[in-house]
There are 2 protein chains.
Amino acid sequence: MSEVPRQSALAEAICEVEVFKEYEEGLKDIETFSHIFVLYWLHKSEGFSLLVKTPWDDAPHGVFATRSPRRPNPIGISVVKLIERRGNVLVVSGIDAIDGTPLIDIKPFIPEFDSKNANSGWLEGKIKKERV
Amino acid sequence: MSEVPRQSALAEAICEVEVFKEYEEGLKDIETFSHIFVLYWLHKSEGFSLLVKTPWDDAPHGVFATRSPRRPNPIGISVVKLIERRGNVLVVSGIDAIDGTPLIDIKPFIPEFDSKNANSGWLEGKIKKERV
């Protein structure tokens with residue numbers, strides 16, 4: 001994975017997600033989906049704080065109300081656009097992870113289950129980005 | 001968490017997600033979000049297959065193209081509606097996990113990042129459910 005900015009949908013860099021070759025068969029039909037979840041181990045994250053400040057405002061928020069990497073179980077998730085599959089490699093855009101981040105899992109993003117008419121909580125109005 | 005059916009958005013049962021009391025401060029401001037990600041350990045899942053059959057059709061699909069619990073890293077995620085917070089307990093609907101499932105993480109669902117105009121892949125047309 002390549003170095004990308006702060007949050008998934010703002011990170012339009014294209015990068016590659018590589019599944020161990022021996023798990024390649026588990027990707028069968030993944031290319032029928034336009035978007036996938038990528039779960040990864042935030043291996044550069046050390047420790048955690050229950051209250052964190054984010055780049056979005058000056059107020060401290062509970063870590064579970066943020067996407068901070070410094071969390072009790074440092075697992076990151078990104079919903080990314082699947083551009084192409086090449087064998088055991090998925091070419092995606094919109095991932096929020098640094099190069100070398102260990103992959104934990106891939107799941108299909110299924111809009112009937114996963115796409116919600118949600119609010120943006122304390123982030124409402126702070127994110128100047130159209131949905132992609 | 002209470003016993004619920006197959007997939008998140010089909011599971012309208014209301015249940016409680018409990019964070020360890022010592023992590024309660026990490027939930028500050030979570031109640032400002034309408035929807036959250038819940039990550040959990042699929043502790044009843046044993047082993048995995050790279051190709052799996054699902055209730056949706058008769059074809060085998062790659063495990064990473066399904067939400068099967070029998071996966072190399074048995075972590076489940078659900079996007080759920082947050083109904084109420086009571087201290088270290090979140091009352092939610094739409095979770096796809098059985099009672100006693102260990103909680104791994106909670107993250108805000110941020111529509112600017114996470115809500116996508118996605119297709120449904122090989123599941124297209126198979127899910128008879130309006131988006132909630």
# chains A, B, ... in the order shown; residues from 1 in each chain; ligands from 1
$ interface_residues --of "chain B" --to "chain A" --cutoff "8 Å" --atoms "only C-alpha atoms" --output "PyMOL selection string"
chain B and resi 7-10+23+25-35+49-51+61-67+72-73+75+78-79+104-122+127+129-132
$ write_last_selection --atoms "C-alpha atoms" --output "compact mmCIF listing (two decimals), in the first residue's frame"
# COMPACT_ATOMS: atom_id res chain seq x y z
CA GLN B 7 -27.01 -10.28 7.78
CA SER B 8 -26.82 -6.91 9.45
CA ALA B 9 -29.49 -4.91 7.68
CA LEU B 10 -31.90 -7.82 7.90
CA TYR B 23 -12.85 2.20 28.31
CA GLU B 25 -14.41 7.51 28.36
CA GLY B 26 -13.49 6.41 24.82
CA LEU B 27 -17.19 6.58 23.92
CA LYS B 28 -17.40 10.35 24.45
CA ASP B 29 -19.43 11.90 21.59
CA ILE B 30 -20.30 8.54 20.04
CA GLU B 31 -23.96 9.44 20.64
CA THR B 32 -23.64 12.24 18.06
CA PHE B 33 -23.50 9.58 15.32
CA SER B 34 -26.57 7.83 13.93
CA HIS B 35 -24.61 4.79 12.74
CA SER B 49 -12.57 -22.50 3.42
CA LEU B 50 -11.30 -20.41 0.54
CA LEU B 51 -14.44 -21.26 -1.43
CA HIS B 61 -17.67 -17.89 -4.03
CA GLY B 62 -14.30 -16.87 -2.70
CA VAL B 63 -14.50 -16.33 1.05
CA PHE B 64 -13.30 -12.71 0.64
CA ALA B 65 -16.24 -12.12 -1.72
CA THR B 66 -18.63 -13.20 1.05
CA ARG B 67 -19.35 -12.25 4.65
CA PRO B 72 -8.75 -16.70 7.78
CA ASN B 73 -9.05 -13.83 10.26
CA ILE B 75 -13.41 -10.69 12.38
CA SER B 78 -21.60 -4.60 11.07
CA VAL B 79 -22.82 -1.12 10.30
CA ILE B 104 -13.02 -5.66 19.19
CA ASP B 105 -13.66 -2.05 18.26
CA ILE B 106 -16.24 0.64 17.63
CA LYS B 107 -15.79 3.31 14.97
CA PRO B 108 -18.08 6.06 13.75
CA PHE B 109 -19.73 5.45 10.39
CA ILE B 110 -18.97 8.64 8.48
CA PRO B 111 -21.09 8.82 5.32
CA GLU B 112 -18.62 11.10 3.54
CA PHE B 113 -16.09 8.26 3.75
CA ASP B 114 -18.13 5.11 4.12
CA SER B 115 -21.42 5.42 2.26
CA LYS B 116 -20.88 4.48 -1.36
CA ASN B 117 -22.89 4.22 -4.52
CA ALA B 118 -21.72 0.66 -4.79
CA ASN B 119 -23.06 -2.27 -6.73
CA SER B 120 -23.94 -5.53 -4.99
CA GLY B 121 -21.59 -7.76 -6.99
CA TRP B 122 -22.72 -11.36 -7.38
CA ILE B 127 -31.30 -9.21 -1.46
CA LYS B 129 -34.45 -5.43 1.38
CA GLU B 130 -34.73 -1.70 1.26
CA ARG B 131 -31.80 0.24 2.58
CA VAL B 132 -32.31 1.49 6.10
$ calpha_fit_rmsd --fixed "chain A" --moving "chain B"
0.0 Å
$ select_by_dssp --residues "chain A" --states "strand (DSSP E or B)" --output "ChimeraX atom specification"
/A:14-18,35-41,51-54,57-62,75-86,89-93,103-108
$ residues_around --residues "Trp56 of chain B" --least-positions-apart "2" --cutoff "8 Å" --atoms "only C-alpha atoms" --output "list of chain:residue names"
B:Thr54, B:Asp58, B:Leu123, B:Lys126
$ write_last_selection --atoms "N, CA and C atoms" --output "PDB file, in the first residue's frame"
ATOM      1  N   THR B  54     -23.078 -19.968   0.067  1.00  0.00           N
ATOM      2  CA  THR B  54     -23.844 -19.101   0.948  1.00  0.00           C
ATOM      3  C   THR B  54     -25.328 -19.403   0.757  1.00  0.00           C
ATOM      4  N   ASP B  58     -26.340 -21.109  -5.264  1.00  0.00           N
ATOM      5  CA  ASP B  58     -25.704 -22.429  -5.170  1.00  0.00           C
ATOM      6  C   ASP B  58     -24.241 -22.417  -5.595  1.00  0.00           C
ATOM      7  N   LEU B 123     -24.228 -10.576  -5.607  1.00  0.00           N
ATOM      8  CA  LEU B 123     -25.468 -10.569  -4.823  1.00  0.00           C
ATOM      9  C   LEU B 123     -26.551  -9.690  -5.446  1.00  0.00           C
ATOM     10  N   LYS B 126     -30.395 -10.272  -5.388  1.00  0.00           N
ATOM     11  CA  LYS B 126     -30.723 -11.400  -4.506  1.00  0.00           C
ATOM     12  C   LYS B 126     -31.236 -10.934  -3.140  1.00  0.00           C
TER      13      LYS B 126
END
$ atom_distance --atom1 "atom CA of Val92 of chain B" --atom2 "atom CA of Phe20 of chain B"
16.7 Å
$ closest_residue --among "A:Lys44, A:Val17, A:Gly125, A:Glu12" --to "Asn88 of chain A" --atoms "only C-alpha atoms"
A:Val17
$ atom_distance --atom1 "atom CA of Glu46 of chain A" --atom2 "atom CA of Tyr40 of chain B"
21.2 Å
$ residues_around --residues "Glu16 of chain A" --least-positions-apart "6" --cutoff "10 Å" --atoms "only C-alpha atoms" --output "PyMOL selection string"
chain A and resi 1-2+82-86+88-93+95+99
$ write_last_selection --atoms "N, CA and C atoms" --output "mmCIF file, in the first residue's frame"
data_model
loop_
_atom_site.group_PDB
_atom_site.id
_atom_site.type_symbol
_atom_site.label_atom_id
_atom_site.label_comp_id
_atom_site.auth_asym_id
_atom_site.auth_seq_id
_atom_site.Cartn_x
_atom_site.Cartn_y
_atom_site.Cartn_z
ATOM 1 N N MET A 1 0.854 -1.183 0.000
ATOM 2 C CA MET A 1 0.000 0.000 0.000
ATOM 3 C C MET A 1 0.897 1.242 0.000
ATOM 4 N N SER A 2 0.418 2.291 -0.624
ATOM 5 C CA SER A 2 1.249 3.497 -0.725
ATOM 6 C C SER A 2 0.794 4.554 0.273
ATOM 7 N N LEU A 82 -12.837 -0.801 -5.850
ATOM 8 C CA LEU A 82 -12.038 -1.859 -6.466
ATOM 9 C C LEU A 82 -11.940 -1.587 -7.958
ATOM 10 N N ILE A 83 -10.732 -1.298 -8.394
ATOM 11 C CA ILE A 83 -10.521 -0.917 -9.791
ATOM 12 C C ILE A 83 -10.237 -2.138 -10.650
ATOM 13 N N GLU A 84 -9.408 -3.005 -10.129
ATOM 14 C CA GLU A 84 -8.982 -4.142 -10.950
ATOM 15 C C GLU A 84 -8.435 -5.231 -10.040
ATOM 16 N N ARG A 85 -8.607 -6.458 -10.458
ATOM 17 C CA ARG A 85 -7.947 -7.563 -9.781
ATOM 18 C C ARG A 85 -6.913 -8.165 -10.717
ATOM 19 N N ARG A 86 -5.714 -8.369 -10.177
ATOM 20 C CA ARG A 86 -4.664 -9.078 -10.932
ATOM 21 C C ARG A 86 -4.201 -10.245 -10.089
ATOM 22 N N ASN A 88 -3.613 -12.308 -7.218
ATOM 23 C CA ASN A 88 -3.742 -12.109 -5.769
ATOM 24 C C ASN A 88 -3.603 -10.640 -5.363
ATOM 25 N N VAL A 89 -3.618 -9.751 -6.355
ATOM 26 C CA VAL A 89 -3.459 -8.320 -6.073
ATOM 27 C C VAL A 89 -4.734 -7.574 -6.468
ATOM 28 N N LEU A 90 -5.213 -6.730 -5.556
ATOM 29 C CA LEU A 90 -6.354 -5.874 -5.849
ATOM 30 C C LEU A 90 -5.856 -4.438 -5.996
ATOM 31 N N VAL A 91 -6.223 -3.827 -7.101
ATOM 32 C CA VAL A 91 -5.890 -2.425 -7.324
ATOM 33 C C VAL A 91 -7.084 -1.606 -6.855
ATOM 34 N N VAL A 92 -6.856 -0.704 -5.895
ATOM 35 C CA VAL A 92 -7.959 0.025 -5.272
ATOM 36 C C VAL A 92 -7.629 1.504 -5.184
ATOM 37 N N SER A 93 -8.661 2.306 -4.977
ATOM 38 C CA SER A 93 -8.427 3.711 -4.634
ATOM 39 C C SER A 93 -9.239 4.047 -3.400
ATOM 40 N N ILE A 95 -7.808 4.178 -0.119
ATOM 41 C CA ILE A 95 -7.407 3.494 1.106
ATOM 42 C C ILE A 95 -6.632 4.451 2.004
ATOM 43 N N ASP A 99 2.280 2.317 3.352
ATOM 44 C CA ASP A 99 2.927 1.211 2.654
ATOM 45 C C ASP A 99 3.416 0.165 3.655
#
$ select_by_dssp --residues "chain B" --states "alpha helix (DSSP H)" --output "PyMOL selection string"
chain B and resi 111-114
$ write_last_selection --atoms "N, CA, C and O atoms" --output "PDB file, in the first residue's frame"
ATOM      1  N   PRO B 111     -20.592   9.052   6.685  1.00  0.00           N
ATOM      2  CA  PRO B 111     -21.087   8.820   5.324  1.00  0.00           C
ATOM      3  C   PRO B 111     -20.188   9.400   4.248  1.00  0.00           C
ATOM      4  O   PRO B 111     -20.094   8.817   3.156  1.00  0.00           O
ATOM      5  N   GLU B 112     -19.515  10.515   4.545  1.00  0.00           N
ATOM      6  CA  GLU B 112     -18.616  11.104   3.537  1.00  0.00           C
ATOM      7  C   GLU B 112     -17.514  10.118   3.136  1.00  0.00           C
ATOM      8  O   GLU B 112     -16.973  10.198   2.030  1.00  0.00           O
ATOM      9  N   PHE B 113     -17.139   9.236   4.049  1.00  0.00           N
ATOM     10  CA  PHE B 113     -16.089   8.255   3.747  1.00  0.00           C
ATOM     11  C   PHE B 113     -16.649   6.876   3.420  1.00  0.00           C
ATOM     12  O   PHE B 113     -16.062   6.130   2.638  1.00  0.00           O
ATOM     13  N   ASP B 114     -17.748   6.520   4.063  1.00  0.00           N
ATOM     14  CA  ASP B 114     -18.132   5.114   4.123  1.00  0.00           C
ATOM     15  C   ASP B 114     -19.375   4.738   3.331  1.00  0.00           C
ATOM     16  O   ASP B 114     -19.610   3.561   3.090  1.00  0.00           O
TER      17      ASP B 114
END
$ atom_distance --atom1 "atom CA of Gly87 of chain A" --atom2 "atom CA of Trp41 of chain B"
28.4 Å
